[in-house]
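Taking it in order: structure first as structure tokens, then the write-up.
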Amino acid sequence: MGRGGSRATGAAAPPWHALPDEVWEHAFSFLPTAADRGAAAGACSSWLRAERRSRHHLAVANCYAAAPRDAIERFPAVRAAEVKGKPHFADFGLVPPAWGGAAAPWIAAAADGWPLLEELSFKRMVVTDECLEMIAASFRNFQVLRLVSCDGFSTAGLAAIAAGCRQLRELDLQENEIEDCSIHWLSLFPESFTSLVTLNFSCLDGEVNITVLERLVTRCRNLKTLKLNNAIPLDKLASLLQKAPQLVELGTGKFSADYHPDLFAKLEVAFGGCKSLRKLSGAWDAVPDYLPAFYCVCDGLTSLNLSYATVRGPELIKFISRCKNLQQLWVMDLIEDLGLAVVASSCSKLQELRVFPSDHFGLGVLTERGLVDVSASCPMLESVLYFCRRMTNEALITIAKNRPNFTCFRLCILEPHTPDYITQHPLDAGFSAIVESCKGLRRLSISGLLTDLVFRSIGAHADRLEMLSIAFAGNSDLGLNYILSGCKSLKKLEIRDCPFGDKPLLANAAKLETMRSLWMSSCLLTLGACRQLARKMPHLSVEIMNDPGWSCPLDSLPDESPVEKLYVYRTIAGPRSDTPSYVQIV
Amino acid sequence: MEAATDVENLKATELRLGLPGTEEGPQKAAVPTPPSTPRAGSKRALAGGEEAKKPAAAAAPPAAKAQVVGWPPVRSYRKSCFQASSKSKAAAPAAPQKEETAAAAGGLFVKVSMDGAPYLRKIDLKMYKGYRELREALEAMFLCFSGGAADGAAAVNPSDFAVTYEDKDGDLMLVGDVPFEMFISTCKRLRIMKGSEARGLGGATRE
């Protein structure tokens, strides 16, 4: 690039590399993603300086990838931080308790280095009451707290937040395990407190003081999102809605009572007043007779989450079919194929469909028909999570042809190793069609009977794939080798119960450093290979997990010892020091 | 857990779900799992070739469908929600359905496994008024398997058994510590432990 050089004509514009940082900071504010900013920061030292000092939002996808203090030192101006802890399979109980993922070090470091922090979001981490107390005490401008799939805290911690965070706008608690200390934490929001925009306490199991809630809802005129727990009776729901008709997002909680025409009328009127309602969830024990109370909001709904609702039958289907503008639908498989056919014909704007199993020990309710119908008739459908009992290659091929725009495809046939139920062949051809057709696929979960062939297709074609989940699939090391030597964009790989061994892991060790993490459980790994991997790749943390209660020092075990659970992730922080006795870092 | 040595001893006499001749082989975990929670997936993986020829699971499940840990891939939070709601009365009229979903209609069916037994049973916890009735029912149910102990114990000796349960946190608890009502609300499945693990824990004094 041009150097200012020796041409001393005073009116020359400054060379680009001498522009002040503020100009670059302003330029970088237009970069849409953190990845873009990261790339810019790598260009030269002045860009690095400008970028890091102006970064306001930081997403730490693995809390052990970097030390909290390092993150804070590198990005001193962060206002919003998001940190994730345990591996994804922790959601399914595969990670033993006390594995790690404590939020405390992050909060402590943030209290020191980010006093102006406004937003904190934790996912799959251990958040204690002390953590919440520290948040309330350390950040005078704190506005947003979002906790997803966390545990370790109680209503006492929530009380600290309510009492201490005077500027709080959002308190969003999603699927956490919260201990109920019978503290009336809601009462601790001061009377002068009116700034709440989002309040989600749906996962809280415990009584709520309705009067206090009503007063809170009444005085927070900007409240847009309200998600209730199961302690709010139906008639109180109606009253709350009348106090907050401006709601955009509502979680009804239970939505169950014996049918009474007066109550129904009250609900109808209440919903009738909610002209801005776009997202609806809850309806957990919904009685079909009450569903028509929702009818007046159906037209405006863009998101419907009935994934915890056990209601079924024609009333359910009638209700959903009236939601013509639905973009996101989460529902239980109680809807059945027939119901999905109705969804297909009614909800042409559907972008995301998730169907959850109602019976976790059963074989599943849905067949391939439901998914085929929806993918045929919903042109904007790009994200699917589907639990079913059977599938065919032909159906998958049809789906792939209909919907090349899938970005997320997660299929779970409930019984492991289930083949194409008509031909009895493995489902290799079907999933191959998916990855070949859906060039933008970023997330994939496969199931059913699958051989190494499907992995050859995935490795070769899934160029944009970032996350892959595999269970009970494959025949040999070849399968894993195909994945690790292909899949250019792979970030997260999680595998359970597959016959994959040491060779592909060692042969593709370098690939692991380009990925965020790898989980392998119940495969054919040996300790020796893990030791080799750790020696070869110093920037990887190689964690081995035994069953808790069986802590025996790894050093004493021979190389041939089988490894039940392996979690490998790249890190610049070195081995963590908070491992429980059954987790050992090789 | 001491169960490991018992697993080794019982292996010869154990009836398992795999096809004859299949061994757990290289897929065995670093820690041998007790037979009551077999990693059924691994057995099927070995038998995968043969099983693929059978008609897929369109018929009712076999008598003892072993539950695989962490499967289906559904959040623990979701699983525990539906364990809790299976006790509340169902709002919708129950359509004719499989035994598992009958739980929503008012029963509280939990699986009962016994170490060394070839298959599991299911019982409705709501049918019992207290711990004594429950224990009697369990003893009656599993009487036939008590003779399978490798050490050749002739009669059913109650102190050789301990009835344990898995609570909603996933912990293994001894049955009898908490009031029966509380037990029912937190019990997810039952497991009858035998042999050295159980000695001293069981016994008639527990009520």
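By order of appearance in the structure tokens: chains A, B, ..., then residues from 1 within every chain, and ligands from 1 in the order shown.
Neighbours of A:Phe28 closer than or equal to 12 Å, with only C-alpha atoms counted and sequence neighbours fewer than 4 positions away skipped, come out as A:Asp21, A:Glu22, A:Val23, A:Trp24, A:Pro32, A:Thr33, A:Ala34, A:Ala35, A:Asp36, A:Arg37, A:Gly38, A:Ala39, A:Ala40, A:Ala41, A:Trp47, A:Leu48, A:Arg49, A:Ala50, A:Glu51, A:Arg52, A:Arg53, A:Ser54, A:Arg55, A:His56.
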Limited to N, CA and C atoms, could you put the picked residues into a file as a short mmCIF file (atom, residue, chain, number, x, y, z; two decimals), in the first residue's frame?
data_model
loop_
_atom_site.label_atom_id
_atom_site.label_comp_id
_atom_site.auth_asym_id
_atom_site.auth_seq_id
_atom_site.Cartn_x
_atom_site.Cartn_y
_atom_site.Cartn_z
N ASP A 21 -7.65 5.44 15.38
CA ASP A 21 -8.41 4.24 15.76
C ASP A 21 -9.91 4.45 15.66
N GLU A 22 -10.35 5.66 16.01
CA GLU A 22 -11.79 5.88 16.05
C GLU A 22 -12.44 5.63 14.71
N VAL A 23 -11.70 5.89 13.65
CA VAL A 23 -12.25 5.65 12.31
C VAL A 23 -12.45 4.16 12.10
N TRP A 24 -11.44 3.39 12.47
CA TRP A 24 -11.57 1.94 12.31
C TRP A 24 -12.65 1.38 13.21
N PRO A 32 -21.01 -7.45 10.50
CA PRO A 32 -22.18 -8.12 11.07
C PRO A 32 -21.87 -9.17 12.13
N THR A 33 -20.79 -9.90 11.97
CA THR A 33 -20.58 -11.00 12.92
C THR A 33 -19.25 -10.86 13.65
N ALA A 34 -19.18 -11.57 14.76
CA ALA A 34 -17.95 -11.58 15.54
C ALA A 34 -16.82 -12.20 14.72
N ALA A 35 -17.17 -13.16 13.89
CA ALA A 35 -16.14 -13.81 13.07
C ALA A 35 -15.51 -12.80 12.12
N ASP A 36 -16.34 -11.92 11.58
CA ASP A 36 -15.80 -10.87 10.70
C ASP A 36 -14.87 -9.96 11.48
N ARG A 37 -15.28 -9.60 12.65
CA ARG A 37 -14.45 -8.71 13.46
C ARG A 37 -13.13 -9.39 13.80
N GLY A 38 -13.24 -10.68 14.11
CA GLY A 38 -12.03 -11.44 14.43
C GLY A 38 -11.08 -11.47 13.24
N ALA A 39 -11.64 -11.64 12.06
CA ALA A 39 -10.82 -11.66 10.87
C ALA A 39 -10.14 -10.31 10.66
N ALA A 40 -10.90 -9.25 10.86
CA ALA A 40 -10.33 -7.91 10.70
C ALA A 40 -9.19 -7.69 11.70
N ALA A 41 -9.43 -8.18 12.90
CA ALA A 41 -8.42 -7.97 13.95
C ALA A 41 -7.12 -8.65 13.60
N TRP A 47 -5.35 -2.54 13.45
CA TRP A 47 -6.73 -3.03 13.39
C TRP A 47 -7.04 -3.87 14.61
N LEU A 48 -6.08 -4.67 15.04
CA LEU A 48 -6.29 -5.48 16.23
C LEU A 48 -6.62 -4.57 17.40
N ARG A 49 -5.86 -3.52 17.53
CA ARG A 49 -6.05 -2.61 18.64
C ARG A 49 -7.42 -1.94 18.56
N ALA A 50 -7.74 -1.45 17.37
CA ALA A 50 -9.01 -0.75 17.21
C ALA A 50 -10.19 -1.70 17.43
N GLU A 51 -10.08 -2.89 16.91
CA GLU A 51 -11.21 -3.83 17.00
C GLU A 51 -11.44 -4.24 18.44
N ARG A 52 -10.36 -4.63 19.11
CA ARG A 52 -10.58 -5.21 20.42
C ARG A 52 -11.06 -4.18 21.43
N ARG A 53 -10.65 -2.94 21.20
CA ARG A 53 -11.06 -1.92 22.16
C ARG A 53 -12.49 -1.44 21.93
N SER A 54 -13.04 -1.80 20.77
CA SER A 54 -14.40 -1.36 20.50
C SER A 54 -15.39 -2.52 20.50
N ARG A 55 -14.92 -3.70 20.89
CA ARG A 55 -15.84 -4.84 20.90
C ARG A 55 -16.78 -4.72 22.09
N HIS A 56 -18.07 -4.70 21.80
CA HIS A 56 -19.04 -4.56 22.88
C HIS A 56 -19.74 -5.85 23.24
#
Review point. What are the DSSP helix (DSSP H, G or I) residues of stretch 29-156 of chain A, as a PyMOL selection string?
Key: chain A and resi 34-41+45-54+68-74+88-92+104-113+129-138+155-156
Exercise for review: Skip A:Pro314 itself and residues of its chain fewer than 6 positions away, then list as an MDAnalysis selection string all residues within 10 Å of it, counting only C-alpha atoms.
Suggested key: chainID A and resid 288 320 335 338:339
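Across the structure, atom CA of A:Leu267 and atom CA of A:Asp235 are spaced 7.5 Å apart.
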Review point. In Å, how far is it from atom CA of A:Pro558 to atom CA of A:Ala509?
Key: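 One can read the atom CA of A:Pro558 to atom CA of A:Ala509 distance as 21.5 Å.
One distance worth recording is that between atom CA of A:Gly282 and atom CA of A:Trp330, which is 10.7 Å.
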Exercise for review: Looking only at strand (DSSP E or B) from DSSP on the backbone, list the matching residues of stretch 270-305 of chain A as a VMD selection string.
Suggested key: chain A and resid 279 to 281 303 to 305
Review point. For chain A against chain B, which residues fall within 6 Å using only C-alpha atoms, given as a ChimeraX atom specification?
Key: /A:91-94,287,421,562-564
Just to be explicit: take each residue in the selection above, keep all heavy atoms, and write the result as a tab-separated table (two decimals), in the first residue's frame.
chain	number	residue	atom	x	y	z
A	91	ASP	N	-26.86	-32.11	28.28
A	91	ASP	CA	-28.32	-31.97	28.27
A	91	ASP	C	-29.00	-33.31	28.42
A	91	ASP	O	-30.14	-33.38	28.90
A	91	ASP	CB	-28.79	-31.36	26.93
A	91	ASP	CG	-28.64	-29.85	26.89
A	91	ASP	OD1	-28.33	-29.25	27.94
A	91	ASP	OD2	-28.82	-29.27	25.81
A	92	PHE	N	-28.35	-34.38	27.97
A	92	PHE	CA	-29.00	-35.68	27.99
A	92	PHE	C	-28.48	-36.54	29.12
A	92	PHE	O	-28.63	-37.76	29.12
A	92	PHE	CB	-28.78	-36.39	26.64
A	92	PHE	CG	-29.03	-35.50	25.46
A	92	PHE	CD1	-28.18	-35.54	24.36
A	92	PHE	CD2	-30.10	-34.61	25.44
A	92	PHE	CE1	-28.40	-34.70	23.26
A	92	PHE	CE2	-30.33	-33.77	24.35
A	92	PHE	CZ	-29.47	-33.82	23.26
A	93	GLY	N	-27.81	-35.93	30.06
A	93	GLY	CA	-27.34	-36.67	31.22
A	93	GLY	C	-26.08	-37.47	30.99
A	93	GLY	O	-25.74	-38.34	31.79
A	94	LEU	N	-25.35	-37.21	29.92
A	94	LEU	CA	-24.15	-38.00	29.66
A	94	LEU	C	-22.92	-37.44	30.37
A	94	LEU	O	-21.89	-38.11	30.44
A	94	LEU	CB	-23.87	-38.07	28.15
A	94	LEU	CG	-24.84	-38.97	27.38
A	94	LEU	CD1	-24.54	-38.93	25.89
A	94	LEU	CD2	-24.74	-40.39	27.87
A	287	VAL	N	-56.54	-27.72	28.46
A	287	VAL	CA	-57.77	-28.44	28.22
A	287	VAL	C	-58.27	-28.03	26.84
A	287	VAL	O	-58.35	-26.83	26.56
A	287	VAL	CB	-58.83	-28.04	29.28
A	287	VAL	CG1	-60.12	-28.75	29.02
A	287	VAL	CG2	-58.30	-28.33	30.66
A	421	TYR	N	-37.73	-48.78	6.79
A	421	TYR	CA	-38.65	-49.81	7.24
A	421	TYR	C	-39.28	-50.60	6.07
A	421	TYR	O	-39.86	-51.64	6.28
A	421	TYR	CB	-39.75	-49.23	8.14
A	421	TYR	CG	-40.85	-48.50	7.42
A	421	TYR	CD1	-42.02	-49.15	7.04
A	421	TYR	CD2	-40.74	-47.15	7.12
A	421	TYR	CE1	-43.04	-48.47	6.39
A	421	TYR	CE2	-41.74	-46.46	6.48
A	421	TYR	CZ	-42.88	-47.13	6.10
A	421	TYR	OH	-43.88	-46.45	5.45
A	562	PRO	N	-9.68	-49.07	28.03
A	562	PRO	CA	-10.69	-48.39	27.22
A	562	PRO	C	-11.10	-47.07	27.86
A	562	PRO	O	-11.08	-46.93	29.08
A	562	PRO	CB	-11.86	-49.37	27.21
A	562	PRO	CG	-11.65	-50.27	28.35
A	562	PRO	CD	-10.21	-50.28	28.68
A	563	VAL	N	-11.45	-46.15	27.03
A	563	VAL	CA	-11.90	-44.83	27.49
A	563	VAL	C	-13.39	-44.72	27.24
A	563	VAL	O	-13.84	-44.85	26.12
A	563	VAL	CB	-11.14	-43.71	26.74
A	563	VAL	CG1	-11.82	-42.38	26.94
A	563	VAL	CG2	-9.70	-43.66	27.21
A	564	GLU	N	-14.15	-44.49	28.30
A	564	GLU	CA	-15.60	-44.44	28.14
A	564	GLU	C	-16.06	-43.09	27.62
A	564	GLU	O	-16.90	-43.00	26.75
A	564	GLU	CB	-16.25	-44.75	29.50
A	564	GLU	CG	-17.76	-44.58	29.54
A	564	GLU	CD	-18.50	-45.48	28.55
A	564	GLU	OE1	-17.90	-46.42	28.01
A	564	GLU	OE2	-19.69	-45.22	28.32
Point to revise | For A:Ile232: contacts at 8 Å, only C-alpha atoms, fewer than 4 positions along chain excluded, given as JSON, numbers by chain | key: {"A": [208, 210, 228, 236, 237, 253, 254]}
Check your understanding: Restricting the calculation to only C-alpha atoms, which member of A:Phe472, A:Phe406, A:Trp284, A:Phe193 is positioned closest to A:Leu234?
Key -> A:Trp284
Practice item. Please provide as a PyMOL selection string all residues within 12 Å of B:Ala137, with the sequence filter that same-chain residues fewer than 3 positions apart are discarded (counting only C-alpha atoms). Key: chain B and resi 112+121-125+127-134+140-143+163
